[in-house]
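Colleague: See model_25.csv below, with CSV, C-alpha atoms.
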```csv
chain,number,residue,atom,x,y,z
H,1,MET,CA,-41.7,191.4,51.8
H,2,LYS,CA,-39.2,188.7,51.1
H,3,VAL,CA,-39.3,185.5,53.0
H,4,ASN,CA,-36.0,184.8,54.8
H,5,LEU,CA,-35.4,181.0,54.9
H,6,ALA,CA,-33.6,180.9,58.2
H,7,LEU,CA,-30.6,179.4,56.4
H,8,VAL,CA,-30.2,181.7,53.5
H,9,ASN,CA,-28.7,184.9,54.7
H,10,ASN,CA,-27.2,183.9,58.0
H,11,GLN,CA,-24.1,181.9,59.0
H,12,GLN,CA,-25.4,178.3,59.1
H,13,ASN,CA,-24.6,176.6,62.4
H,14,LEU,CA,-24.2,172.8,62.5
H,15,THR,CA,-25.4,172.7,66.1
H,16,ARG,CA,-28.9,173.4,64.8
H,17,ILE,CA,-29.0,170.0,63.1
H,18,ASN,CA,-31.5,167.5,64.5
H,19,LEU,CA,-29.3,164.4,64.6
H,20,PRO,CA,-32.1,161.7,64.4
H,21,LEU,CA,-33.7,163.6,61.5
H,22,LEU,CA,-30.3,163.9,59.8
H,23,LEU,CA,-29.9,160.1,60.0
H,24,LEU,CA,-33.4,159.5,58.7
H,25,PHE,CA,-32.8,161.9,55.8
H,26,MET,CA,-29.5,160.2,55.0
H,27,LEU,CA,-31.2,156.8,55.1
H,28,SER,CA,-33.9,158.2,52.7
H,29,LEU,CA,-31.1,159.1,50.2
H,30,VAL,CA,-29.5,155.7,50.2
H,31,PRO,CA,-30.2,153.9,46.9
H,32,ILE,CA,-31.7,150.5,47.7
H,33,VAL,CA,-32.3,148.4,44.6
H,34,VAL,CA,-33.9,144.9,44.5
H,35,GLU,CA,-34.0,143.1,41.2
H,36,GLY,CA,-33.4,146.3,39.3
H,37,VAL,CA,-36.2,148.2,41.2
H,38,SER,CA,-35.5,151.1,43.6
H,39,ILE,CA,-37.5,150.5,46.8
H,40,ASN,CA,-36.3,153.0,49.4
H,41,TYR,CA,-39.4,155.2,50.1
H,42,ILE,CA,-38.7,155.5,53.8
H,43,PHE,CA,-39.1,159.3,53.5
H,44,VAL,CA,-42.8,158.8,53.4
H,45,LEU,CA,-42.7,157.1,56.7
H,46,VAL,CA,-40.5,159.9,58.0
H,47,ALA,CA,-43.1,162.4,57.0
H,48,ALA,CA,-45.8,160.3,58.7
H,49,LEU,CA,-43.7,160.0,61.8
H,50,LEU,CA,-43.3,163.8,62.0
H,51,ILE,CA,-47.0,164.3,61.7
H,52,TYR,CA,-47.6,161.7,64.4
H,53,LYS,CA,-45.0,163.3,66.7
H,54,ARG,CA,-46.3,166.8,66.3
H,55,LYS,CA,-50.0,165.9,66.2
H,56,VAL,CA,-50.5,168.6,63.5
H,57,ILE,CA,-51.2,168.4,59.8
H,58,THR,CA,-50.5,171.5,57.8
H,59,ILE,CA,-52.8,172.3,54.9
H,60,PRO,CA,-50.8,172.7,51.7
H,61,LYS,CA,-51.0,175.9,49.6
H,62,ILE,CA,-54.1,176.1,47.4
H,63,ASN,CA,-52.1,175.5,44.2
H,64,ILE,CA,-50.5,172.4,45.6
H,65,SER,CA,-53.9,171.2,46.9
H,66,ILE,CA,-55.3,171.6,43.4
H,67,GLY,CA,-52.3,169.6,42.0
H,68,ILE,CA,-53.0,166.8,44.5
H,69,LEU,CA,-56.7,166.8,43.5
H,70,SER,CA,-55.8,166.8,39.8
H,71,PHE,CA,-53.6,163.7,40.1
H,72,LEU,CA,-56.2,162.0,42.2
H,73,ILE,CA,-58.9,162.6,39.5
H,74,ILE,CA,-56.6,161.3,36.8
H,75,PHE,CA,-56.2,158.1,38.8
H,76,LEU,CA,-59.9,157.7,39.4
H,77,ILE,CA,-60.7,158.3,35.7
H,78,SER,CA,-58.1,155.8,34.6
H,79,LEU,CA,-59.8,153.1,36.7
H,80,LEU,CA,-62.9,153.5,34.6
H,81,TYR,CA,-61.2,154.4,31.3
H,82,HIS,CA,-58.5,151.7,31.2
H,83,HIS,CA,-60.9,148.8,32.1
H,84,GLU,CA,-58.8,146.5,30.0
H,85,TYR,CA,-56.0,146.8,32.6
H,86,VAL,CA,-58.2,145.8,35.5
H,87,THR,CA,-55.9,143.0,36.4
H,88,PHE,CA,-53.2,145.6,37.0
H,89,PHE,CA,-55.2,147.5,39.6
H,90,TRP,CA,-52.8,147.0,42.5
H,91,ARG,CA,-49.8,147.8,40.4
H,92,ARG,CA,-51.6,150.9,39.2
H,93,PHE,CA,-52.5,151.8,42.7
H,94,GLY,CA,-49.0,151.3,43.9
H,95,SER,CA,-47.6,153.4,41.2
H,96,PHE,CA,-50.1,156.1,42.0
H,97,LEU,CA,-49.0,156.2,45.7
H,98,ILE,CA,-45.4,156.3,44.7
H,99,PHE,CA,-46.1,159.2,42.3
H,100,MET,CA,-48.0,161.1,45.1
H,101,SER,CA,-45.1,160.6,47.5
H,102,ILE,CA,-43.8,163.9,46.2
H,103,PHE,CA,-46.4,165.7,48.3
H,104,SER,CA,-45.4,164.0,51.6
H,105,PHE,CA,-43.8,167.0,53.2
H,106,CYS,CA,-46.5,169.5,52.1
H,107,PHE,CA,-48.5,168.4,55.2
H,108,ILE,CA,-45.7,169.2,57.6
H,109,LYS,CA,-44.5,172.5,59.0
H,110,ILE,CA,-40.9,172.9,57.8
H,111,ASN,CA,-38.5,174.4,60.3
H,112,ASP,CA,-34.9,175.5,60.3
H,113,GLU,CA,-33.7,172.1,61.7
H,114,MET,CA,-35.3,170.2,58.8
H,115,ILE,CA,-33.8,172.4,56.1
H,116,MET,CA,-30.3,172.3,57.6
H,117,SER,CA,-30.6,168.6,58.3
H,118,PHE,CA,-31.6,168.0,54.7
H,119,LYS,CA,-28.7,170.0,53.3
H,120,VAL,CA,-26.1,168.2,55.5
H,121,ALA,CA,-27.7,164.8,54.8
H,122,LEU,CA,-27.6,165.4,51.0
H,123,ILE,CA,-23.9,166.4,51.2
H,124,LEU,CA,-22.8,163.7,53.6
H,125,THR,CA,-24.7,160.9,51.9
H,126,SER,CA,-23.2,162.0,48.5
H,127,ALA,CA,-19.7,162.1,50.0
H,128,MET,CA,-20.1,158.6,51.5
H,129,TYR,CA,-21.5,157.3,48.2
H,130,SER,CA,-18.6,158.8,46.3
H,131,LEU,CA,-16.1,157.3,48.8
H,132,ILE,CA,-17.7,153.9,48.3
H,133,SER,CA,-17.4,154.3,44.5
H,134,ILE,CA,-13.8,155.2,44.8
H,135,PHE,CA,-13.0,152.1,46.9
H,136,ALA,CA,-15.1,150.0,44.5
H,137,PHE,CA,-13.2,151.4,41.5
H,138,PHE,CA,-9.8,150.5,42.7
H,139,ASP,CA,-11.0,147.1,44.1
H,140,VAL,CA,-12.6,145.8,40.8
H,141,GLN,CA,-10.4,147.5,38.2
H,142,LEU,CA,-8.6,144.8,36.2
H,143,SER,CA,-7.1,147.2,33.7
H,144,GLY,CA,-6.5,150.9,33.7
H,145,HIS,CA,-8.0,151.1,30.3
H,146,SER,CA,-11.0,148.8,30.5
H,147,PHE,CA,-14.4,150.5,30.0
H,148,GLU,CA,-16.0,147.3,31.4
H,149,ILE,CA,-15.6,148.8,34.8
H,150,LYS,CA,-18.6,151.0,34.0
H,151,ASN,CA,-20.9,148.1,34.5
H,152,THR,CA,-19.6,147.4,38.0
H,153,VAL,CA,-18.9,150.9,39.4
H,154,GLY,CA,-21.0,153.2,37.3
H,155,GLY,CA,-24.7,153.8,37.3
H,156,ASN,CA,-27.4,156.4,36.3
H,157,ARG,CA,-29.6,156.1,39.4
H,158,TYR,CA,-27.6,158.4,41.7
H,159,GLY,CA,-25.8,160.9,39.5
H,160,PHE,CA,-28.4,163.6,39.9
H,161,VAL,CA,-28.2,163.3,43.8
H,162,LEU,CA,-24.4,163.9,43.6
H,163,LEU,CA,-25.0,166.8,41.3
H,164,ALA,CA,-27.6,168.3,43.6
H,165,ALA,CA,-25.2,168.0,46.6
H,166,PHE,CA,-22.5,169.6,44.4
H,167,TRP,CA,-24.6,172.7,43.9
H,168,VAL,CA,-25.8,173.0,47.5
H,169,LEU,CA,-22.2,172.7,48.8
H,170,LEU,CA,-20.9,175.1,46.2
H,171,VAL,CA,-23.5,177.9,46.6
H,172,ASP,CA,-23.6,177.6,50.4
H,173,PHE,CA,-19.8,177.0,50.7
H,174,THR,CA,-19.2,180.1,52.8
H,175,LYS,CA,-22.4,179.8,54.8
H,176,LEU,CA,-21.9,176.2,56.0
H,177,ASN,CA,-20.1,176.4,59.4
H,178,MET,CA,-17.6,173.7,58.6
H,179,ASN,CA,-13.8,173.5,58.4
H,180,LYS,CA,-12.8,174.9,55.1
H,181,ILE,CA,-10.3,172.1,54.3
H,182,LEU,CA,-13.1,169.6,55.1
H,183,LYS,CA,-15.5,171.3,52.7
H,184,VAL,CA,-12.9,171.4,50.0
H,185,LEU,CA,-12.2,167.6,50.4
H,186,VAL,CA,-15.9,166.8,50.4
H,187,PHE,CA,-16.4,169.0,47.3
H,188,ILE,CA,-13.6,167.1,45.5
H,189,LEU,CA,-14.9,163.8,46.7
H,190,ILE,CA,-18.4,164.5,45.3
H,191,ILE,CA,-16.9,165.5,41.9
H,192,LEU,CA,-14.9,162.3,41.8
H,193,GLY,CA,-18.2,160.5,42.6
H,194,VAL,CA,-19.9,162.1,39.7
H,195,ALA,CA,-17.0,161.1,37.4
H,196,LEU,CA,-17.2,157.5,38.6
H,197,THR,CA,-20.8,157.1,37.7
H,198,PHE,CA,-19.6,156.8,34.1
H,199,SER,CA,-22.7,158.6,33.2
H,200,ARG,CA,-22.5,160.9,30.2
H,201,SER,CA,-25.8,162.5,31.4
H,202,ALA,CA,-24.2,163.5,34.6
H,203,ILE,CA,-21.2,165.2,32.9
H,204,VAL,CA,-23.5,167.0,30.5
H,205,ALA,CA,-25.8,168.2,33.3
H,206,LEU,CA,-22.7,169.4,35.3
H,207,PHE,CA,-21.3,171.2,32.3
H,208,VAL,CA,-24.6,172.9,31.2
H,209,SER,CA,-25.6,173.9,34.8
H,210,GLY,CA,-22.0,175.2,35.3
H,211,SER,CA,-22.2,177.2,32.1
H,212,LEU,CA,-25.6,178.7,33.1
H,213,TYR,CA,-24.1,179.6,36.5
H,214,PHE,CA,-21.2,181.3,34.8
H,215,LEU,CA,-23.5,183.2,32.5
H,216,HIS,CA,-25.6,184.3,35.4
H,217,TYR,CA,-22.7,186.3,36.8
H,218,VAL,CA,-21.1,187.4,33.5
H,219,LEU,CA,-24.4,188.8,32.2
H,220,SER,CA,-25.5,190.4,35.4
H,221,ILE,CA,-25.0,194.2,35.2
H,222,ARG,CA,-24.8,194.5,38.9
H,223,ARG,CA,-21.7,192.3,39.1
H,224,ILE,CA,-18.4,193.2,37.6
H,225,TYR,CA,-16.3,190.6,39.3
H,226,PHE,CA,-16.0,186.8,39.4
H,227,PRO,CA,-17.5,185.6,42.7
H,228,LYS,CA,-15.5,183.4,45.0
H,229,SER,CA,-17.8,180.5,44.4
H,230,LEU,CA,-17.1,180.6,40.7
H,231,ILE,CA,-13.4,180.8,41.2
H,232,LEU,CA,-13.6,177.9,43.6
H,233,TRP,CA,-15.7,175.9,41.2
H,234,ILE,CA,-13.2,176.3,38.4
H,235,SER,CA,-10.2,175.7,40.6
H,236,LEU,CA,-11.5,172.5,42.2
H,237,LEU,CA,-12.6,171.1,38.9
H,238,ILE,CA,-9.1,171.5,37.6
H,239,VAL,CA,-7.7,169.8,40.8
H,240,THR,CA,-10.2,167.0,40.3
H,241,ALA,CA,-9.4,166.6,36.6
H,242,PHE,CA,-5.7,166.3,37.6
H,243,LEU,CA,-6.5,163.6,40.2
H,244,LEU,CA,-8.6,161.6,37.6
H,245,LEU,CA,-5.9,161.8,35.0
H,246,LYS,CA,-3.3,160.7,37.5
H,247,PHE,CA,-5.0,157.9,39.4
H,248,ALA,CA,-8.1,157.0,37.3
H,249,PRO,CA,-7.3,157.8,33.6
H,250,VAL,CA,-9.9,155.3,32.4
H,251,THR,CA,-12.6,157.8,33.5
H,252,THR,CA,-11.4,160.7,31.3
H,253,GLU,CA,-10.7,158.2,28.5
H,254,TYR,CA,-14.3,156.9,28.8
H,255,TYR,CA,-15.8,160.4,28.5
H,256,ILE,CA,-13.5,161.5,25.7
H,257,SER,CA,-14.3,158.3,23.8
H,258,THR,CA,-18.0,158.1,24.4
H,259,LEU,CA,-19.0,161.8,24.7
H,260,LEU,CA,-16.4,164.3,23.3
H,261,ASN,CA,-15.2,162.4,20.2
H,262,PRO,CA,-18.7,161.4,19.1
H,263,PHE,CA,-19.9,164.9,19.6
H,264,PHE,CA,-17.2,166.5,17.4
H,265,ASN,CA,-17.1,163.8,14.7
H,266,ASN,CA,-20.9,163.8,14.4
H,267,SER,CA,-21.3,160.1,15.3
H,268,LEU,CA,-23.3,161.1,18.4
H,269,TYR,CA,-25.9,162.7,16.1
H,270,GLU,CA,-26.0,159.7,13.8
H,271,SER,CA,-26.5,157.3,16.7
H,272,ILE,CA,-29.8,159.0,17.5
H,273,PHE,CA,-31.3,157.3,14.4
H,274,ILE,CA,-30.0,153.8,15.4
H,275,SER,CA,-32.8,152.3,17.5
H,276,HIS,CA,-30.7,150.0,19.5
H,277,SER,CA,-28.1,152.7,20.5
H,278,SER,CA,-28.2,154.5,23.9
H,279,GLU,CA,-29.3,157.7,22.1
H,280,GLY,CA,-31.6,156.0,19.6
H,281,ILE,CA,-33.6,154.0,22.2
H,282,ARG,CA,-34.6,157.3,23.9
H,283,LEU,CA,-36.1,158.5,20.6
H,284,VAL,CA,-37.9,155.2,20.2
H,285,ARG,CA,-39.4,155.4,23.7
H,286,LEU,CA,-40.3,159.1,23.3
H,287,ASN,CA,-42.2,158.3,20.1
H,288,GLU,CA,-44.0,155.4,21.8
H,289,VAL,CA,-45.0,157.7,24.7
H,290,LEU,CA,-46.3,160.5,22.4
H,291,ASN,CA,-48.3,158.1,20.2
H,292,TYR,CA,-49.8,156.5,23.3
H,293,VAL,CA,-50.7,159.8,25.1
H,294,ILE,CA,-52.2,161.3,21.9
H,295,LEU,CA,-54.7,158.4,22.0
H,296,ASN,CA,-55.1,158.8,25.8
H,297,PRO,CA,-54.6,162.5,26.4
H,298,ILE,CA,-56.6,162.8,29.7
H,299,THR,CA,-55.2,159.9,31.6
H,300,GLY,CA,-52.0,158.8,29.8
H,301,SER,CA,-51.4,155.3,31.0
H,302,GLY,CA,-53.0,156.0,34.4
H,303,TYR,CA,-49.7,155.7,36.3
H,304,LEU,CA,-48.6,152.4,34.6
H,305,GLY,CA,-45.2,152.3,33.1
H,306,ILE,CA,-44.2,151.9,29.5
H,307,TRP,CA,-44.0,148.2,30.0
H,308,SER,CA,-47.8,148.0,29.8
H,309,PHE,CA,-47.9,148.6,26.1
H,310,SER,CA,-44.4,148.9,24.6
H,311,GLU,CA,-43.4,146.4,22.0
H,312,THR,CA,-39.9,146.6,23.3
H,313,GLY,CA,-41.0,145.4,26.7
H,314,SER,CA,-39.0,148.1,28.5
H,315,GLY,CA,-39.8,149.2,32.0
H,316,SER,CA,-38.2,152.6,31.4
H,317,THR,CA,-38.8,155.6,29.2
H,318,HIS,CA,-35.2,156.8,29.8
H,319,GLY,CA,-36.4,160.3,30.7
H,320,GLN,CA,-38.1,162.0,33.6
H,321,PHE,CA,-40.4,164.2,31.6
H,322,SER,CA,-41.5,161.5,29.2
H,323,ASP,CA,-42.1,159.2,32.1
H,324,VAL,CA,-44.5,161.8,33.8
H,325,LEU,CA,-46.2,162.5,30.4
H,326,LEU,CA,-46.9,158.8,29.9
H,327,ARG,CA,-48.3,158.2,33.4
H,328,VAL,CA,-50.6,161.3,33.7
H,329,GLY,CA,-51.3,162.5,30.2
H,330,PHE,CA,-51.1,166.0,28.9
H,331,PHE,CA,-53.2,167.8,31.6
H,332,GLY,CA,-51.3,166.1,34.4
H,333,PHE,CA,-48.0,166.8,32.7
H,334,PHE,CA,-48.8,170.5,32.6
H,335,VAL,CA,-49.8,170.4,36.3
H,336,TYR,CA,-46.4,168.7,37.0
H,337,LEU,CA,-44.5,171.3,35.0
H,338,TYR,CA,-46.4,174.1,36.9
H,339,LEU,CA,-45.4,172.7,40.2
H,340,ILE,CA,-41.7,172.6,39.1
H,341,THR,CA,-42.0,176.1,37.7
H,342,ILE,CA,-43.4,177.8,40.8
H,343,MET,CA,-41.0,175.9,43.1
H,344,THR,CA,-38.0,176.8,40.9
H,345,ASN,CA,-39.0,180.4,40.7
H,346,PHE,CA,-39.5,180.5,44.5
H,347,PHE,CA,-36.0,179.2,45.2
H,348,TRP,CA,-34.5,181.5,42.6
H,349,LYS,CA,-35.6,184.4,44.7
H,350,GLN,CA,-35.1,182.8,48.1
H,351,GLU,CA,-32.5,180.1,48.1
H,352,LYS,CA,-30.0,179.9,45.3
H,353,SER,CA,-28.5,176.6,46.4
H,354,PHE,CA,-31.8,174.8,46.0
H,355,PHE,CA,-32.5,176.6,42.8
H,356,TRP,CA,-29.3,175.3,41.1
H,357,ALA,CA,-29.9,171.8,42.6
H,358,ILE,CA,-33.3,171.7,40.8
H,359,ILE,CA,-31.8,173.0,37.6
H,360,VAL,CA,-29.1,170.4,37.4
H,361,ILE,CA,-31.7,167.6,38.2
H,362,LEU,CA,-34.0,168.9,35.5
H,363,ILE,CA,-31.1,168.9,32.9
H,364,TYR,CA,-30.2,165.3,34.1
H,365,GLY,CA,-33.9,164.4,33.7
H,366,LEU,CA,-33.8,165.0,30.0
H,367,PHE,CA,-31.8,161.8,29.7
H,368,HIS,CA,-32.8,159.7,32.6
H,369,GLU,CA,-35.4,159.3,35.3
H,370,SER,CA,-34.6,161.5,38.3
H,371,PHE,CA,-37.5,162.6,40.5
H,372,LYS,CA,-39.1,159.2,39.7
H,373,GLU,CA,-36.3,157.4,41.6
H,374,PRO,CA,-37.0,157.2,45.4
H,375,GLN,CA,-34.1,159.5,46.3
H,376,GLY,CA,-35.3,161.9,43.7
H,377,ALA,CA,-38.8,161.8,44.9
H,378,PHE,CA,-37.5,162.6,48.4
H,379,ILE,CA,-35.6,165.6,47.2
H,380,PHE,CA,-38.7,166.8,45.2
H,381,ALA,CA,-40.9,166.2,48.3
H,382,ILE,CA,-38.9,168.2,50.8
H,383,LEU,CA,-38.3,171.1,48.4
H,384,LEU,CA,-42.0,171.2,47.5
H,385,GLY,CA,-42.7,171.2,51.3
H,386,ILE,CA,-40.3,174.1,51.9
H,387,TYR,CA,-42.0,176.0,49.1
H,388,SER,CA,-45.5,175.3,50.4
H,389,HIS,CA,-44.7,176.3,53.9
H,390,TYR,CA,-42.5,179.4,53.3
H,391,SER,CA,-44.5,180.8,50.4
H,392,LYS,CA,-47.6,180.7,52.6
H,393,LYS,CA,-45.6,182.7,55.2
H,394,ASN,CA,-44.7,185.1,52.5
H,395,LYS,CA,-48.3,185.7,51.6
H,396,PHE,CA,-49.1,186.2,55.2
H,397,HIS,CA,-46.4,188.8,55.7
H,398,HIS,CA,-47.7,190.7,52.7
H,399,ALA,CA,-51.2,190.7,54.2
```
Transcribe the structure of this file into structure tokens.

Modeller:
Amino acid sequence: MKVNLALVNNQQNLTRINLPLLLLFMLSLVPIVVEGVSINYIFVLVAALLIYKRKVITIPKINISIGILSFLIIFLISLLYHHEYVTFFWRRFGSFLIFMSIFSFCFIKINDEMIMSFKVALILTSAMYSLISIFAFFDVQLSGHSFEIKNTVGGNRYGFVLLAAFWVLLVDFTKLNMNKILKVLVFILIILGVALTFSRSAIVALFVSGSLYFLHYVLSIRRIYFPKSLILWISLLIVTAFLLLKFAPVTTEYYISTLLNPFFNNSLYESIFISHSSEGIRLVRLNEVLNYVILNPITGSGYLGIWSFSETGSGSTHGQFSDVLLRVGFFGFFVYLYLITIMTNFFWKQEKSFFWAIIVILIYGLFHESFKEPQGAFIFAILLGIYSHYSKKNKFHHA
């Protein structure tokens, strides 16, 4: 028997939104950075508040519980194994708690209001962020052809959130009980926000996920027509591209100059082997991570960042998967991939909008940290909580 997430097959009614929860979710998605470090983990307090208010703690699914136990064991072993880092105990402990925040909503009974509030919070926060980026773009732009604006307006910390909102809005476009014109405007606004991140990773993730979405329908033997959502996707992309060319040509020039041209003239491939380039530094960090984890396969760094041993002194691996591999070793990495796999498979069957949101974040994570960021951890946490709650209901129904 198939689980029916209350929001999947029915018209979604905005009156079912829990306004206080919506505001808390929006606040959880706000990127707060202090001295280059993201610090907004308010969603953990939101989860604790919900538990306190309901006076009930839900036991996670057994596979998730095993995952929690596995990461706890890795932490405990690392305390004994990495004795040379004893002075970093509190930093290790803090990193461990941050990592484990992805399980925050697995102890809460997820209901219809939470799911709807999360979706709307994701869309509204992304629209607001995009609007702020647009104002900032026109406020600081000194020249219509200056790429220096990237350092002021652009950023890689939020692109994946915008992309997740893009897919939730697109796939649920006809289900969301909102004014159609408003939905179109928000959709365009979010795409503009993605462009104004000046993040090549975001554009690549959007293009690859869009191509997969297109192939999903083209190769499906049960569909011989183009769905409205696909036609909408293409149409609004064309409209957005026109707006960018008309009012913000520096954005298209930037992507053509730094992404398309290098890709076709082979310089993008050549830059991979230049250690100080944007592409090359990722290869350097990946090599550092692999060499370190091979020597410490069980614990990895024990939740410490690459700064703890890298000769480059960097605090970032520039990749979500390499970051997890470093922090928890090979075994923990496979546990992490398992959690992503079962969650993604579940949403493929039950809730396509969340499925495509996960896919685009995973693609983005090949080039930058995503779920590691607080807003990414929040998205991971609530999706994992939905999986834990509703997949248990599925098992119960089968019984």

Colleague: At what distance in Å, to one decimal, does atom CA of Gln320 of chain H lie from atom CA of Ser209 of chain H?

Modeller: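 According to the coordinates, atom CA of Ser209 of chain H and atom CA of Gln320 of chain H are separated by 17.3 Å.
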
Colleague: Which residue out of H:Leu283, H:Thr87, H:Leu337, H:Val186 has the minimum interatomic distance to Phe173 of chain H when all atoms listed in the file are used?

Modeller: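 With all atoms listed in the file as the atom set, the closest residue is H:Val186.
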
Colleague: My list of candidates is H:Ala377, H:Leu268, H:Leu185, H:Leu383. Which is closest to Pro31 of chain H when distances are computed with only C-alpha atoms?

Modeller: H:Ala377

Colleague: For a test of reading the model, state the distance in Å between atom CA of Arg282 of chain H and atom CA of Leu206 of chain H, rounded to one decimal.

Modeller: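 The value is 20.4 Å.
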
Colleague: Which protein, DNA or RNA residues are at most 9 Å from (-28.9, 158.7, 51.1) in the file's coordinates when you count all atoms listed in the file, listed as a ChimeraX atom specification?

Modeller: /H:24-31,121-122,124-126,128-129,161,375
